[in-house]
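Enquirer: Input file: query23.cif. Contents: mmCIF, N, CA and C atoms.
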data_entry
loop_
_atom_site.label_atom_id
_atom_site.label_comp_id
_atom_site.auth_asym_id
_atom_site.auth_seq_id
_atom_site.Cartn_x
_atom_site.Cartn_y
_atom_site.Cartn_z
N MET A 173 -10.77 -55.99 7.53
CA MET A 173 -11.92 -55.17 7.82
C MET A 173 -12.87 -55.15 6.62
N THR A 174 -14.13 -55.31 6.90
CA THR A 174 -15.11 -55.31 5.82
C THR A 174 -15.37 -53.89 5.34
N THR A 175 -15.75 -53.79 4.09
CA THR A 175 -16.07 -52.49 3.54
C THR A 175 -17.53 -52.19 3.86
N ASN A 176 -17.74 -51.13 4.57
CA ASN A 176 -19.08 -50.78 5.02
C ASN A 176 -19.34 -49.34 4.60
N THR A 177 -20.25 -49.15 3.69
CA THR A 177 -20.50 -47.80 3.17
C THR A 177 -21.17 -46.90 4.19
N ASN A 178 -21.73 -47.47 5.27
CA ASN A 178 -22.40 -46.66 6.27
C ASN A 178 -21.45 -46.26 7.40
N LEU A 179 -20.18 -46.65 7.31
CA LEU A 179 -19.18 -46.28 8.31
C LEU A 179 -18.09 -45.52 7.58
N PHE A 180 -17.91 -44.27 7.94
CA PHE A 180 -16.95 -43.44 7.22
C PHE A 180 -16.19 -42.54 8.18
N HIS A 181 -15.05 -42.05 7.71
CA HIS A 181 -14.23 -41.14 8.52
C HIS A 181 -14.49 -39.70 8.08
N VAL A 182 -14.51 -38.80 9.05
CA VAL A 182 -14.68 -37.39 8.74
C VAL A 182 -13.54 -36.60 9.38
N GLY A 183 -13.29 -35.44 8.81
CA GLY A 183 -12.27 -34.54 9.35
C GLY A 183 -12.85 -33.15 9.50
N ASP A 184 -12.02 -32.24 9.97
CA ASP A 184 -12.47 -30.86 10.15
C ASP A 184 -12.99 -30.27 8.83
N GLN A 185 -12.34 -30.63 7.71
CA GLN A 185 -12.68 -30.03 6.41
C GLN A 185 -14.02 -30.51 5.87
N ASP A 186 -14.38 -31.78 6.10
CA ASP A 186 -15.61 -32.30 5.50
C ASP A 186 -16.71 -32.61 6.51
N PHE A 187 -16.53 -32.19 7.77
CA PHE A 187 -17.53 -32.46 8.80
C PHE A 187 -18.88 -31.86 8.44
N GLU A 188 -18.88 -30.61 8.00
CA GLU A 188 -20.15 -29.96 7.67
C GLU A 188 -20.86 -30.69 6.53
N ALA A 189 -20.14 -31.01 5.47
CA ALA A 189 -20.74 -31.67 4.31
C ALA A 189 -21.22 -33.08 4.63
N LYS A 190 -20.41 -33.85 5.36
CA LYS A 190 -20.73 -35.27 5.60
C LYS A 190 -21.64 -35.50 6.80
N VAL A 191 -21.66 -34.57 7.75
CA VAL A 191 -22.44 -34.77 8.97
C VAL A 191 -23.58 -33.77 9.08
N LEU A 192 -23.24 -32.48 9.11
CA LEU A 192 -24.27 -31.47 9.34
C LEU A 192 -25.27 -31.35 8.19
N LYS A 193 -24.82 -31.63 6.96
CA LYS A 193 -25.70 -31.51 5.80
C LYS A 193 -26.17 -32.86 5.28
N ALA A 194 -25.97 -33.91 6.06
CA ALA A 194 -26.37 -35.27 5.65
C ALA A 194 -27.90 -35.36 5.58
N SER A 195 -28.38 -36.20 4.67
CA SER A 195 -29.83 -36.35 4.50
C SER A 195 -30.44 -37.21 5.61
N THR A 196 -29.62 -38.01 6.30
CA THR A 196 -30.09 -38.80 7.43
C THR A 196 -29.30 -38.40 8.67
N PRO A 197 -29.82 -38.70 9.85
CA PRO A 197 -29.04 -38.42 11.07
C PRO A 197 -27.70 -39.15 11.02
N VAL A 198 -26.70 -38.60 11.71
CA VAL A 198 -25.37 -39.21 11.74
C VAL A 198 -24.88 -39.24 13.19
N ILE A 199 -24.33 -40.38 13.59
CA ILE A 199 -23.66 -40.47 14.89
C ILE A 199 -22.16 -40.41 14.63
N VAL A 200 -21.48 -39.54 15.38
CA VAL A 200 -20.04 -39.37 15.21
C VAL A 200 -19.33 -39.88 16.45
N ASP A 201 -18.36 -40.76 16.23
CA ASP A 201 -17.53 -41.29 17.29
C ASP A 201 -16.24 -40.46 17.33
N PHE A 202 -16.10 -39.62 18.36
CA PHE A 202 -14.87 -38.85 18.54
C PHE A 202 -13.92 -39.76 19.34
N TRP A 203 -12.77 -40.10 18.75
CA TRP A 203 -11.88 -41.09 19.32
C TRP A 203 -10.42 -40.71 19.07
N ALA A 204 -9.52 -41.51 19.64
CA ALA A 204 -8.09 -41.37 19.38
C ALA A 204 -7.45 -42.75 19.48
N ALA A 205 -6.37 -42.93 18.75
CA ALA A 205 -5.71 -44.24 18.67
C ALA A 205 -5.22 -44.73 20.03
N TRP A 206 -4.84 -43.81 20.91
CA TRP A 206 -4.28 -44.19 22.21
C TRP A 206 -5.35 -44.50 23.26
N CYS A 207 -6.62 -44.33 22.92
CA CYS A 207 -7.73 -44.45 23.88
C CYS A 207 -8.25 -45.89 23.95
N GLY A 208 -8.02 -46.56 25.07
CA GLY A 208 -8.47 -47.94 25.26
C GLY A 208 -9.97 -48.12 25.15
N PRO A 209 -10.78 -47.31 25.87
CA PRO A 209 -12.23 -47.43 25.76
C PRO A 209 -12.73 -47.20 24.33
N CYS A 210 -12.02 -46.35 23.58
CA CYS A 210 -12.39 -46.11 22.18
C CYS A 210 -12.23 -47.39 21.37
N ARG A 211 -11.13 -48.11 21.62
CA ARG A 211 -10.89 -49.38 20.91
C ARG A 211 -11.93 -50.42 21.30
N ASN A 212 -12.37 -50.39 22.56
CA ASN A 212 -13.37 -51.35 23.03
C ASN A 212 -14.72 -51.15 22.33
N ILE A 213 -15.07 -49.92 22.07
CA ILE A 213 -16.38 -49.64 21.49
C ILE A 213 -16.37 -49.76 19.96
N ALA A 214 -15.20 -49.70 19.34
CA ALA A 214 -15.10 -49.70 17.88
C ALA A 214 -15.81 -50.87 17.20
N PRO A 215 -15.63 -52.12 17.64
CA PRO A 215 -16.32 -53.21 16.94
C PRO A 215 -17.84 -53.14 17.06
N VAL A 216 -18.32 -52.66 18.20
CA VAL A 216 -19.77 -52.51 18.39
C VAL A 216 -20.29 -51.40 17.48
N PHE A 217 -19.56 -50.29 17.42
CA PHE A 217 -19.92 -49.17 16.55
C PHE A 217 -19.99 -49.64 15.10
N GLU A 218 -19.00 -50.44 14.69
CA GLU A 218 -18.96 -50.94 13.32
C GLU A 218 -20.15 -51.88 13.05
N ARG A 219 -20.44 -52.76 13.99
CA ARG A 219 -21.56 -53.69 13.81
C ARG A 219 -22.89 -52.92 13.72
N LEU A 220 -23.07 -51.94 14.58
CA LEU A 220 -24.32 -51.16 14.57
C LEU A 220 -24.45 -50.35 13.29
N SER A 221 -23.33 -49.95 12.69
CA SER A 221 -23.40 -49.17 11.44
C SER A 221 -24.06 -49.99 10.34
N THR A 222 -23.87 -51.29 10.36
CA THR A 222 -24.53 -52.17 9.39
C THR A 222 -26.02 -52.29 9.72
N GLU A 223 -26.32 -52.44 11.00
CA GLU A 223 -27.70 -52.61 11.44
C GLU A 223 -28.57 -51.38 11.13
N TYR A 224 -28.00 -50.19 11.23
CA TYR A 224 -28.75 -48.96 11.03
C TYR A 224 -28.59 -48.38 9.62
N ALA A 225 -28.02 -49.13 8.70
CA ALA A 225 -27.79 -48.64 7.33
C ALA A 225 -29.08 -48.08 6.74
N GLY A 226 -28.98 -46.88 6.17
CA GLY A 226 -30.12 -46.22 5.57
C GLY A 226 -30.94 -45.39 6.55
N LYS A 227 -30.70 -45.57 7.85
CA LYS A 227 -31.46 -44.84 8.86
C LYS A 227 -30.59 -43.87 9.66
N LEU A 228 -29.33 -44.28 9.88
CA LEU A 228 -28.41 -43.50 10.70
C LEU A 228 -27.00 -43.72 10.18
N GLY A 229 -26.33 -42.62 9.80
CA GLY A 229 -24.96 -42.71 9.34
C GLY A 229 -24.00 -42.83 10.52
N PHE A 230 -22.88 -43.50 10.32
CA PHE A 230 -21.89 -43.70 11.37
C PHE A 230 -20.56 -43.12 10.91
N ALA A 231 -20.08 -42.11 11.63
CA ALA A 231 -18.82 -41.45 11.28
C ALA A 231 -17.84 -41.56 12.44
N LYS A 232 -16.55 -41.62 12.09
CA LYS A 232 -15.50 -41.62 13.09
C LYS A 232 -14.60 -40.41 12.85
N MET A 233 -14.24 -39.73 13.94
CA MET A 233 -13.35 -38.58 13.83
C MET A 233 -12.23 -38.72 14.84
N ASP A 234 -11.00 -38.80 14.33
CA ASP A 234 -9.80 -38.89 15.18
C ASP A 234 -9.50 -37.49 15.71
N ILE A 235 -9.67 -37.31 17.02
CA ILE A 235 -9.50 -35.96 17.58
C ILE A 235 -8.05 -35.50 17.59
N ASP A 236 -7.09 -36.42 17.50
CA ASP A 236 -5.69 -36.01 17.42
C ASP A 236 -5.38 -35.39 16.06
N GLU A 237 -6.02 -35.89 15.02
CA GLU A 237 -5.80 -35.37 13.68
C GLU A 237 -6.76 -34.22 13.34
N HIS A 238 -7.92 -34.23 13.97
CA HIS A 238 -8.96 -33.23 13.65
C HIS A 238 -9.55 -32.69 14.95
N GLY A 239 -8.77 -31.87 15.63
CA GLY A 239 -9.17 -31.36 16.94
C GLY A 239 -10.08 -30.14 16.90
N GLU A 240 -10.09 -29.44 15.77
CA GLU A 240 -10.85 -28.19 15.68
C GLU A 240 -12.35 -28.42 15.89
N THR A 241 -12.91 -29.38 15.16
CA THR A 241 -14.34 -29.66 15.27
C THR A 241 -14.68 -30.16 16.67
N ALA A 242 -13.90 -31.11 17.17
CA ALA A 242 -14.15 -31.65 18.51
C ALA A 242 -14.11 -30.54 19.55
N GLY A 243 -13.14 -29.64 19.43
CA GLY A 243 -13.04 -28.52 20.36
C GLY A 243 -14.22 -27.58 20.30
N SER A 244 -14.67 -27.28 19.08
CA SER A 244 -15.80 -26.36 18.93
C SER A 244 -17.11 -26.97 19.44
N LEU A 245 -17.17 -28.32 19.49
CA LEU A 245 -18.37 -29.00 19.98
C LEU A 245 -18.28 -29.32 21.48
N GLY A 246 -17.17 -28.93 22.10
CA GLY A 246 -17.02 -29.14 23.54
C GLY A 246 -16.71 -30.58 23.93
N VAL A 247 -16.09 -31.33 23.02
CA VAL A 247 -15.71 -32.71 23.34
C VAL A 247 -14.49 -32.65 24.26
N GLN A 248 -14.66 -33.11 25.52
CA GLN A 248 -13.58 -33.02 26.49
C GLN A 248 -13.07 -34.38 26.93
N ALA A 249 -13.87 -35.42 26.74
CA ALA A 249 -13.47 -36.78 27.12
C ALA A 249 -13.81 -37.70 25.95
N ILE A 250 -13.03 -38.76 25.81
CA ILE A 250 -13.34 -39.71 24.75
C ILE A 250 -13.41 -41.11 25.34
N PRO A 251 -14.20 -42.00 24.76
CA PRO A 251 -14.99 -41.72 23.57
C PRO A 251 -16.22 -40.86 23.88
N THR A 252 -16.47 -39.92 22.99
CA THR A 252 -17.72 -39.16 23.01
C THR A 252 -18.40 -39.46 21.69
N LEU A 253 -19.67 -39.82 21.76
CA LEU A 253 -20.44 -40.05 20.55
C LEU A 253 -21.56 -39.02 20.53
N MET A 254 -21.69 -38.34 19.40
CA MET A 254 -22.73 -37.33 19.25
C MET A 254 -23.59 -37.67 18.06
N ILE A 255 -24.90 -37.50 18.23
CA ILE A 255 -25.84 -37.73 17.14
C ILE A 255 -26.30 -36.37 16.62
N PHE A 256 -26.20 -36.21 15.30
CA PHE A 256 -26.59 -34.96 14.64
C PHE A 256 -27.75 -35.22 13.71
N ASN A 257 -28.67 -34.25 13.66
CA ASN A 257 -29.79 -34.32 12.72
C ASN A 257 -30.12 -32.91 12.28
N ASP A 258 -30.30 -32.72 10.99
CA ASP A 258 -30.63 -31.39 10.44
C ASP A 258 -29.65 -30.32 10.90
N GLY A 259 -28.37 -30.66 10.94
CA GLY A 259 -27.34 -29.68 11.24
C GLY A 259 -27.10 -29.38 12.70
N LYS A 260 -27.80 -30.07 13.60
CA LYS A 260 -27.55 -29.79 15.02
C LYS A 260 -27.42 -31.06 15.83
N ALA A 261 -26.71 -30.94 16.96
CA ALA A 261 -26.52 -32.09 17.84
C ALA A 261 -27.81 -32.36 18.59
N ILE A 262 -28.27 -33.61 18.56
CA ILE A 262 -29.49 -33.97 19.27
C ILE A 262 -29.21 -34.94 20.42
N GLY A 263 -27.97 -35.43 20.51
CA GLY A 263 -27.63 -36.33 21.59
C GLY A 263 -26.14 -36.44 21.77
N ARG A 264 -25.72 -36.64 23.01
CA ARG A 264 -24.29 -36.78 23.33
C ARG A 264 -24.14 -37.93 24.32
N LEU A 265 -23.32 -38.90 23.95
CA LEU A 265 -23.06 -40.05 24.80
C LEU A 265 -21.57 -40.04 25.12
N VAL A 266 -21.24 -39.86 26.39
CA VAL A 266 -19.83 -39.79 26.77
C VAL A 266 -19.43 -41.10 27.44
N GLY A 267 -18.41 -41.73 26.87
CA GLY A 267 -17.88 -42.97 27.43
C GLY A 267 -18.92 -44.08 27.59
N PRO A 268 -19.82 -44.28 26.62
CA PRO A 268 -20.83 -45.31 26.80
C PRO A 268 -20.22 -46.70 26.78
N HIS A 269 -20.80 -47.58 27.56
CA HIS A 269 -20.35 -48.97 27.55
C HIS A 269 -20.84 -49.62 26.27
N PRO A 270 -20.00 -50.44 25.64
CA PRO A 270 -20.40 -51.06 24.37
C PRO A 270 -21.75 -51.77 24.44
N SER A 271 -22.04 -52.41 25.57
CA SER A 271 -23.30 -53.16 25.70
C SER A 271 -24.52 -52.24 25.72
N ARG A 272 -24.33 -50.97 26.07
CA ARG A 272 -25.47 -50.04 26.17
C ARG A 272 -25.61 -49.14 24.95
N LEU A 273 -24.67 -49.22 24.02
CA LEU A 273 -24.65 -48.27 22.90
C LEU A 273 -25.93 -48.29 22.08
N LYS A 274 -26.41 -49.47 21.70
CA LYS A 274 -27.62 -49.56 20.88
C LYS A 274 -28.82 -48.95 21.60
N ASN A 275 -28.98 -49.26 22.89
CA ASN A 275 -30.10 -48.69 23.66
C ASN A 275 -30.02 -47.18 23.73
N GLU A 276 -28.81 -46.65 23.89
CA GLU A 276 -28.64 -45.20 23.97
C GLU A 276 -28.98 -44.54 22.62
N ILE A 277 -28.54 -45.16 21.53
CA ILE A 277 -28.87 -44.63 20.20
C ILE A 277 -30.38 -44.62 20.00
N ASP A 278 -31.02 -45.75 20.29
CA ASP A 278 -32.47 -45.86 20.12
C ASP A 278 -33.21 -44.82 20.97
N ARG A 279 -32.73 -44.59 22.20
CA ARG A 279 -33.37 -43.62 23.09
C ARG A 279 -33.30 -42.21 22.50
N VAL A 280 -32.12 -41.80 22.03
CA VAL A 280 -31.96 -40.46 21.47
C VAL A 280 -32.82 -40.29 20.22
N LEU A 281 -32.83 -41.30 19.36
CA LEU A 281 -33.63 -41.21 18.14
C LEU A 281 -35.12 -41.14 18.49
N ALA A 282 -35.57 -41.94 19.43
CA ALA A 282 -36.98 -41.93 19.84
C ALA A 282 -37.37 -40.58 20.43
N GLU A 283 -36.50 -40.01 21.28
CA GLU A 283 -36.78 -38.71 21.89
C GLU A 283 -36.92 -37.61 20.85
N ASN A 284 -36.30 -37.80 19.69
CA ASN A 284 -36.34 -36.80 18.63
C ASN A 284 -37.27 -37.20 17.49
N ASN A 285 -38.12 -38.20 17.76
CA ASN A 285 -39.11 -38.66 16.79
C ASN A 285 -38.50 -39.06 15.45
N ILE A 286 -37.35 -39.73 15.51
CA ILE A 286 -36.69 -40.21 14.30
C ILE A 286 -36.93 -41.71 14.21
N PRO A 287 -37.68 -42.16 13.20
CA PRO A 287 -37.99 -43.59 13.11
C PRO A 287 -36.77 -44.42 12.76
N VAL A 288 -36.63 -45.56 13.42
CA VAL A 288 -35.52 -46.46 13.11
C VAL A 288 -36.03 -47.79 12.55
N ALA A 289 -37.33 -47.99 12.59
CA ALA A 289 -37.88 -49.26 12.10
C ALA A 289 -38.08 -49.20 10.59
#
Could you spell out this file's structure in structure tokens?

Expert:
Amino acid sequence: MTTNTNLFHVGDQDFEAKVLKASTPVIVDFWAAWCGPCRNIAPVFERLSTEYAGKLGFAKMDIDEHGETAGSLGVQAIPTLMIFNDGKAIGRLVGPHPSRLKNEIDRVLAENNIPVA
């Protein structure tokens, strides 16, 4: 696996610092090791993290190890991807198909007037 500084793991303890207080928007992939669709989207998520470097942070949160945050955000199905900006959720993508992930990210960012170019 390549080292990618724009792809990082978060837990219940550092979610606020790494996601809610981040200087750029962050998309969080709520996943679990046993989830097949989560594994399918992982390589796309990783590739997009390189493409959006400096514009959108990419975080992964294992809900089996860190269920408190996922529960408080109402994550009921995985994969759920949520985009946060300025401390609040601005988009939620539940079970997105890997081929549509980039379009969904761009749509949420555009709707919130967040430049990606």

Enquirer: Mind giving me the axis-aligned box for segment 181-185 of chain A with 4 Å on every side, centre plus edges in Å to one decimal, as lines of an AutoDock Vina configuration file?

Expert:
center_x = -13.5
center_y = -36.0
center_z = 8.0
size_x = 11.0
size_y = 20.0
size_z = 12.3

Enquirer: Give the answer as one residue: which of A:Lys193, A:Arg264, A:Ile277, A:Cys207 has the shortest atom-to-atom distance to Ser221 of chain A, using only C-alpha atoms?

Expert: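 Answer, going by the shortest atom-to-atom distance: A:Ile277.
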
Enquirer: Show which residues sit within 6.5 Å of segment 270-273 of chain A, as JSON, numbers by chain. Count all atoms listed in the file, and ignore same-chain residues fewer than 4 positions away.

Expert: {"A": [212, 213, 216, 277, 278]}

Enquirer: Mind checking which residues fall within 9 Å of Phe180 of chain A, counting only C-alpha atoms, ignoring those fewer than 5 positions away in the same chain, and posting them as number ranges by chain?

Expert: A: 229-233

Enquirer: Quick one: of A:Pro209, A:Gly246, A:Gly183, A:Pro197, who's nearest to Lys260 of chain A, counting only C-alpha atoms?

Expert: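 For Lys260 of chain A, the nearest of the given residues is A:Pro197.
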